[in-house]
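Engineer: Quick one, run14.cif (mmCIF, C-alpha atoms):
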```cif
data_data
#
loop_
_atom_site.label_atom_id
_atom_site.label_comp_id
_atom_site.auth_asym_id
_atom_site.auth_seq_id
_atom_site.Cartn_x
_atom_site.Cartn_y
_atom_site.Cartn_z
CA MET O 28 200.20 84.54 19.24
CA ASN O 29 199.06 87.80 20.80
CA LEU O 30 201.72 90.11 22.22
CA SER O 31 201.44 92.97 24.69
CA VAL O 32 204.30 95.36 25.48
CA ALA O 33 205.41 97.36 28.52
CA ILE O 34 208.31 99.75 29.06
CA SER O 35 209.95 100.18 32.46
CA THR O 36 211.21 103.74 32.81
CA HIS O 37 212.27 106.50 35.21
CA PRO O 38 211.54 110.25 34.91
CA TYR O 39 215.30 110.79 34.71
CA ARG O 40 215.21 109.06 31.31
CA SER O 41 211.95 110.44 29.96
CA GLU O 42 213.54 111.52 26.68
CA MET O 43 214.96 108.06 26.08
CA CYS O 44 211.52 106.59 26.74
CA ARG O 45 209.85 109.04 24.37
CA GLN O 46 212.27 108.09 21.60
CA LEU O 47 211.64 104.40 22.22
CA VAL O 48 207.87 104.83 22.08
CA ASN O 49 208.19 106.80 18.83
CA LYS O 50 210.38 104.10 17.33
CA LEU O 51 207.96 101.34 18.30
CA SER O 52 205.07 103.37 16.91
CA MET O 53 206.66 103.19 13.46
CA ASP O 54 205.86 99.47 13.34
CA MET O 55 203.27 99.10 10.56
CA ASP O 56 201.19 96.79 12.76
CA PHE O 57 201.58 98.87 15.93
CA GLY O 58 197.84 99.51 16.15
CA ASP O 59 197.26 95.81 16.81
CA TYR O 60 199.27 95.86 20.04
CA GLU O 61 198.84 97.36 23.48
CA LEU O 62 201.79 99.36 24.82
CA ARG O 63 202.00 100.40 28.47
CA VAL O 64 204.63 102.69 30.02
CA CYS O 65 205.39 102.04 33.69
CA ILE O 66 207.11 105.03 35.35
CA ASP O 67 209.10 104.86 38.59
CA GLU O 68 207.74 108.24 39.69
CA PHE O 69 208.86 107.95 43.31
CA SER O 70 212.27 106.32 42.69
CA GLU O 71 211.27 103.12 44.43
CA GLY O 72 213.99 101.19 42.61
CA ILE O 73 214.49 98.94 39.63
CA TRP O 74 212.60 95.88 40.85
CA PRO O 75 209.33 97.50 42.04
CA ASN O 76 208.93 99.23 38.69
CA ALA O 77 210.05 96.22 36.67
CA ARG O 78 207.47 94.19 38.54
CA ARG O 79 204.78 96.67 37.53
CA ALA O 80 205.85 96.34 33.92
CA TRP O 81 205.65 92.55 34.07
CA GLU O 82 202.26 92.63 35.79
CA ASN O 83 200.86 94.97 33.13
CA TYR O 84 200.23 92.44 30.41
CA SER O 85 197.05 92.60 28.39
CA PRO O 86 194.28 90.15 29.40
CA GLU O 87 194.08 89.10 25.75
CA ALA O 88 197.83 88.50 25.37
CA THR O 89 199.50 85.10 25.12
CA HIS O 90 202.97 86.65 25.54
CA HIS O 91 204.28 89.82 27.15
CA MET O 92 207.35 91.85 26.22
CA VAL O 93 209.09 94.12 28.73
CA LEU O 94 211.66 96.63 27.52
CA GLU O 95 213.90 98.91 29.51
CA ASP O 96 213.83 102.56 28.48
CA ASP O 97 217.45 102.75 27.31
CA VAL O 98 217.27 100.46 24.28
CA MET O 99 217.19 101.03 20.53
CA PRO O 100 214.91 98.53 18.75
CA GLY O 101 215.28 97.22 15.26
CA LYS O 102 212.59 98.18 12.77
CA ASP O 103 209.21 96.42 13.20
CA LEU O 104 210.28 94.97 16.55
CA ILE O 105 206.84 94.09 17.88
CA SER O 106 205.47 92.35 14.81
CA GLY O 107 208.87 90.75 14.19
CA VAL O 108 208.92 89.21 17.67
CA GLU O 109 205.43 87.87 17.17
CA LEU O 110 206.64 86.08 14.04
CA ALA O 111 209.67 84.71 15.90
CA LEU O 112 207.45 83.21 18.62
CA ASN O 113 206.10 80.73 16.08
CA TYR O 114 209.48 78.98 15.94
CA LEU O 115 209.77 78.13 19.65
CA ASP O 116 207.73 76.12 22.13
CA ASP O 117 204.91 78.09 23.74
CA GLY O 118 206.62 78.09 27.16
CA SER O 119 209.91 79.61 25.97
CA VAL O 120 211.33 82.85 27.38
CA ILE O 121 213.09 84.99 24.77
CA SER O 122 215.89 87.47 25.37
CA LEU O 123 216.17 90.22 22.76
CA PHE O 124 219.60 91.47 23.85
CA SER O 125 222.93 90.11 24.99
CA ALA O 126 226.42 91.55 25.24
CA ARG O 127 228.00 88.08 25.28
CA GLU O 128 230.44 87.16 22.55
CA ASN O 129 228.88 83.74 22.01
CA ILE O 130 225.94 85.53 20.39
CA LYS O 131 228.34 86.59 17.66
CA GLU O 132 229.69 83.04 17.42
CA ALA O 133 226.15 81.73 16.91
CA GLU O 134 225.61 84.29 14.15
CA GLU O 135 228.86 83.30 12.42
CA GLN O 136 227.81 79.64 12.55
CA GLY O 137 224.46 80.46 10.92
CA PHE O 138 222.07 79.89 13.83
CA SER O 139 218.87 81.86 14.45
CA TRP O 140 218.94 81.29 18.20
CA ILE O 141 221.34 80.56 21.04
CA LYS O 142 220.10 78.83 24.17
CA LEU O 143 221.74 80.13 27.36
CA SER O 144 221.25 79.72 31.10
CA ARG O 145 221.38 83.50 31.52
CA SER O 146 218.95 86.25 30.68
CA THR O 147 219.30 89.99 30.22
CA GLY O 148 216.99 92.70 31.48
CA GLN O 149 217.04 95.04 28.50
CA GLY O 150 214.31 93.14 26.67
CA LEU O 151 212.53 89.88 27.51
CA VAL O 152 209.44 88.12 26.18
CA ALA O 153 207.60 85.53 28.27
CA PRO O 154 204.29 83.61 28.13
CA VAL O 155 201.75 85.31 30.37
CA GLU O 156 200.90 82.02 32.11
CA LEU O 157 204.55 81.73 33.16
CA ILE O 158 204.78 85.33 34.40
CA ASP O 159 202.33 84.82 37.27
CA ASP O 160 204.15 81.67 38.40
CA TRP O 161 207.55 83.42 38.20
CA LEU O 162 206.34 86.42 40.23
CA ALA O 163 204.76 84.21 42.89
CA TRP O 164 207.85 81.99 43.09
CA SER O 165 210.09 85.04 43.29
CA ASP O 166 208.03 86.50 46.16
CA ARG O 167 208.38 83.24 48.10
CA ASN O 168 212.06 82.63 47.47
CA VAL O 169 213.95 85.80 46.54
CA ARG O 170 214.73 88.57 48.99
CA PRO O 171 213.59 92.15 48.18
CA LYS O 172 217.19 93.33 47.83
CA ALA O 173 217.56 91.45 44.53
CA PRO O 174 217.43 94.59 42.37
CA ALA O 175 216.65 93.43 38.85
CA ALA O 176 214.13 91.31 36.99
CA ASP O 177 216.78 89.50 34.96
CA THR O 178 218.45 88.27 38.17
CA ARG O 179 215.12 86.94 39.35
CA TRP O 180 214.50 85.29 35.99
CA GLU O 181 217.92 83.63 36.17
CA ILE O 182 217.34 82.25 39.66
CA TYR O 183 213.94 80.97 38.55
CA GLY O 184 215.58 79.43 35.50
CA ILE O 185 218.10 77.54 37.65
CA ALA O 186 215.36 76.25 39.95
CA HIS O 187 213.21 75.06 37.06
CA LYS O 188 216.00 74.01 34.69
CA MET O 189 214.65 76.53 32.22
CA PRO O 190 216.95 78.04 29.55
CA PHE O 191 216.57 81.39 27.80
CA PHE O 192 216.43 81.67 24.03
CA HIS O 193 218.43 84.63 22.75
CA THR O 194 217.72 85.96 19.28
CA VAL O 195 220.53 85.90 16.73
CA PRO O 196 221.11 88.69 15.87
CA THR O 197 219.96 90.73 18.88
CA LEU O 198 216.85 92.77 18.07
CA ILE O 199 217.60 95.66 20.42
CA GLU O 200 220.73 97.61 21.31
CA HIS O 201 221.61 98.92 24.77
CA ILE O 202 222.18 102.62 24.12
CA GLY O 203 222.29 103.44 27.84
CA ALA O 204 225.30 101.19 28.44
CA ASN O 205 227.15 103.79 30.52
CA ASP O 206 224.16 105.24 32.34
CA ARG O 207 222.76 104.33 35.75
CA VAL O 208 219.47 105.44 37.25
CA LEU O 209 219.20 106.88 40.75
CA SER O 210 217.16 104.99 43.30
CA LYS O 211 215.65 106.15 46.58
CA ALA O 212 216.08 102.60 47.83
CA SER O 213 219.86 102.95 47.46
CA GLY O 214 220.08 106.41 49.01
CA ASN O 215 220.04 108.10 45.60
CA ARG O 216 223.23 106.33 44.61
CA PRO O 217 223.64 104.74 41.18
CA ILE O 218 222.49 101.13 41.33
CA GLY O 219 222.98 98.10 39.16
CA HIS O 220 225.94 97.34 36.93
CA THR O 221 226.73 98.66 33.51
CA VAL O 222 226.00 96.35 30.60
CA GLY O 223 227.86 96.68 27.32
CA ARG O 224 226.58 96.72 23.78
CA SER O 225 225.60 93.82 21.60
CA PRO O 226 228.28 92.28 19.36
CA CYS O 227 225.68 91.66 16.64
CA PHE O 228 222.74 94.08 16.80
CA LEU O 229 220.44 93.78 13.79
CA GLY O 230 220.42 97.56 13.25
CA GLU O 231 217.75 100.18 13.81
CA ASP O 232 216.89 100.43 10.11
CA LYS O 233 216.64 96.69 9.40
CA SER O 234 213.30 94.94 9.84
CA CYS O 235 212.88 92.27 12.48
CA LYS O 236 210.21 90.74 10.24
CA GLU O 237 212.78 89.78 7.60
CA ILE O 238 214.87 87.47 9.79
CA ASP O 239 214.85 83.75 9.05
CA TRP O 240 214.10 82.14 12.42
CA SER O 241 214.26 78.57 11.10
CA LYS O 242 218.05 78.10 11.11
CA GLY O 243 218.23 76.25 14.39
CA VAL O 244 219.37 76.72 17.98
CA LEU O 245 222.93 76.66 19.33
CA ASP O 246 222.87 75.08 22.80
CA ALA O 247 225.30 76.92 25.10
CA THR O 248 223.56 76.27 28.42
CA ASP O 249 225.54 75.74 31.62
CA SER O 250 226.56 72.32 32.87
CA VAL O 251 225.06 71.06 36.14
CA SER O 252 228.27 71.97 38.00
CA LYS O 253 228.21 75.47 36.55
CA SER O 254 224.56 75.82 37.58
CA ARG O 255 225.52 74.90 41.14
CA GLN O 256 228.26 77.54 41.11
CA ARG O 257 225.83 80.15 39.89
CA TYR O 258 223.33 79.16 42.54
CA ARG O 259 225.93 79.67 45.26
CA SER O 260 226.59 83.15 43.91
CA TYR O 261 222.88 83.89 44.32
CA GLU O 262 222.46 82.44 47.83
CA ARG O 263 222.66 85.84 49.51
CA LEU O 264 219.56 86.87 47.57
CA LEU O 265 217.48 83.90 48.69
CA TYR O 266 215.45 83.34 51.82
CA ALA O 267 217.50 80.63 53.51
CA LYS O 268 215.03 77.78 53.89
CA LYS O 269 212.62 78.51 51.06
CA GLY O 270 215.27 79.31 48.50
CA ARG O 271 217.47 76.31 49.24
CA GLU O 272 214.54 73.90 49.41
CA GLY O 273 213.18 75.23 46.13
CA LEU O 274 216.46 74.52 44.39
CA LYS O 275 216.95 71.20 46.19
CA ASN O 276 213.62 69.97 44.86
CA GLU O 277 214.89 70.64 41.35
CA GLY O 278 218.08 68.65 41.96
CA ILE O 279 220.39 71.65 41.75
CA ARG O 280 221.83 71.62 45.27
CA GLU O 281 221.33 69.80 48.55
CA THR O 282 220.67 71.88 51.64
CA THR O 283 223.15 71.84 54.50
CA GLY O 284 220.87 73.14 57.24
CA ARG O 285 223.35 75.92 58.01
CA ASP O 286 222.74 79.63 57.56
CA ARG O 287 225.15 81.72 55.56
CA LYS O 288 226.14 85.16 56.77
CA GLY O 289 223.44 87.73 56.03
CA VAL O 290 220.73 85.17 55.22
CA ARG O 291 218.01 84.71 57.78
CA ARG O 292 215.98 81.59 58.48
CA VAL O 293 212.28 81.72 57.72
#
```
Before anything else, please render the file you have as structure tokens.

Structural biologist:
Amino acid sequence: MNLSVAISTHPYRSEMCRQLVNKLSMDMDFGDYELRVCIDEFSEGIWPNARRAWENYSPEATHHMVLEDDVMPGKDLISGVELALNYLDDGSVISLFSARENIKEAEEQGFSWIKLSRSTGQGLVAPVELIDDWLAWSDRNVRPKAPAADTRWEIYGIAHKMPFFHTVPTLIEHIGANDRVLSKASGNRPIGHTVGRSPCFLGEDKSCKEIDWSKGVLDATDSVSKSRQRYRSYERLLYAKKGREGLKNEGIRETTGRDRKGVRRV
């Protein structure tokens, strides 16, 4: 496994980003990895900059990690994640953070992983060969107003029946839980929604390389009916024909041929 890393940041949070880079640099094996910082210099919005971060994987990498600037990583995060990758199939997408209580339940039951139908944007790791397909699929099916990469990953996951593997415990903490970044695309209003803290963060002084990743996976993925409900909640973000047909082909929902309010035909 060969991992590259990118941070999505905004000048408003330059100090947070500096602290994150310094923390990552303390990884003993940091010199073996390529770290890129993608800055939203012109306040284009969350998605344009997140896209840059996902596109900026190393040509030599097998997997790419994207972190938001407002996270606190556990010790040896990069090399620890590379070790964890050996315990999952090559095509798996890993989420390093979650504020959901079932993460704590998985920890109490002794699992190393919990498989969910939802992702989080604070820290994700994906195979580079999947990233290009996800970006191209997202361009074809998801409207520009979808603000965040994790939303786009979730829609892609529904369409492809692809779960997300969350680490147990979480390897990063969301220290910017009550902060929102300004966006020119939203008229310089705060955008996005606040996300809480993890119920079982490893801790900034504990090494991610010392976790036993062999203790199994707790399957907490959504049922088919729940997936359909979630798809309906995302319909406003999809191009009418392309988005519905993409999900129909995966057996998630049949199209009705009718437009919903605010969704145009293409």

Engineer: If the PyMOL selection byres ((chain O and resi 131) around 10) is run on the structure shown, which residues does it catch, given as a PyMOL selection string?

Structural biologist: chain O and resi 125-130+132-138+141+195-197+225-228

Engineer: Taking into account only C-alpha atoms, which residue in the set O:Ile199, O:Ala33, O:Ala163, O:Leu115 is nearest to O:Arg79?

Structural biologist: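 The closest residue to O:Arg79 is O:Ala33.
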
Engineer: Might you spell out which residues the PyMOL selection byres ((chain O and resi 254) around 10) would select in the displayed file, as a list in words?

Structural biologist: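 Selected by the PyMOL selection byres ((chain O and resi 254) around 10) here: Ser144, Ile182, Gly184, Ile185, Ala186, Lys188, Thr248, Asp249, Ser250, Val251, Ser252, Lys253, Arg255, Gln256, Arg257, Tyr258, Arg259, Ser260, Ile279 and Arg280 of chain O.
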
Engineer: Pick from O:Lys102, O:His201, O:Arg145, O:Arg263: nearest to O:Trp180, with only C-alpha atoms counted?

Structural biologist: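 Checking each candidate against O:Trp180, we get O:Arg145 as the closest.
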
Engineer: Quick check, in Å to one decimal: how far apart do atom CA of O:Leu94 and atom CA of O:Glu262 lie?

Structural biologist: 27.0 Å

Engineer: So which residues touch O:Pro154 within 8 Å, counting all atoms listed in the file, skipping near sequence neighbours fewer than 6 positions away, as an mmCIF file with C-alpha atoms, in the coordinates of the input?

Structural biologist:
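File produced: selection_17.cif:
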```cif
data_model
loop_
_atom_site.group_PDB
_atom_site.id
_atom_site.type_symbol
_atom_site.label_atom_id
_atom_site.label_comp_id
_atom_site.auth_asym_id
_atom_site.auth_seq_id
_atom_site.Cartn_x
_atom_site.Cartn_y
_atom_site.Cartn_z
ATOM 1 C CA THR O 89 199.500 85.100 25.120
ATOM 2 C CA HIS O 90 202.970 86.650 25.540
ATOM 3 C CA HIS O 91 204.280 89.820 27.150
ATOM 4 C CA ASP O 117 204.910 78.090 23.740
ATOM 5 C CA GLY O 118 206.620 78.090 27.160
ATOM 6 C CA SER O 119 209.910 79.610 25.970
ATOM 7 C CA VAL O 120 211.330 82.850 27.380
#
```

Engineer: Written as a PyMOL selection string, what is the full residue list that the PyMOL selection byres ((chain O and resi 80-82) around 8) yields on the file shown?

Structural biologist: chain O and resi 33-35+63-65+76-79+83-84+91+93+158-159

Engineer: Can you work out the spacing between atom CA of O:Leu123 and atom CA of O:Val48 in Å, to one decimal?

Structural biologist: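 Separating atom CA of O:Leu123 from atom CA of O:Val48 is a distance of 16.8 Å.
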
Engineer: Can you tell me, as a list in words, what residues are no more than 8 Å from O:Asp54 when counting all atoms listed in the file, ignoring any on the same chain fewer than 4 positions away?

Structural biologist: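 Contacts, with the query itself left out: Lys50, Lys102, Asp103, Leu104, Ile105 and Ser106 of chain O.
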
Engineer: For O:Glu87, which residue out of O:Val155, O:Lys142, O:Leu112, O:Asp67 is the nearest one, using all atoms listed in the file?

Structural biologist: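 For O:Glu87, the nearest of the given residues is O:Val155.
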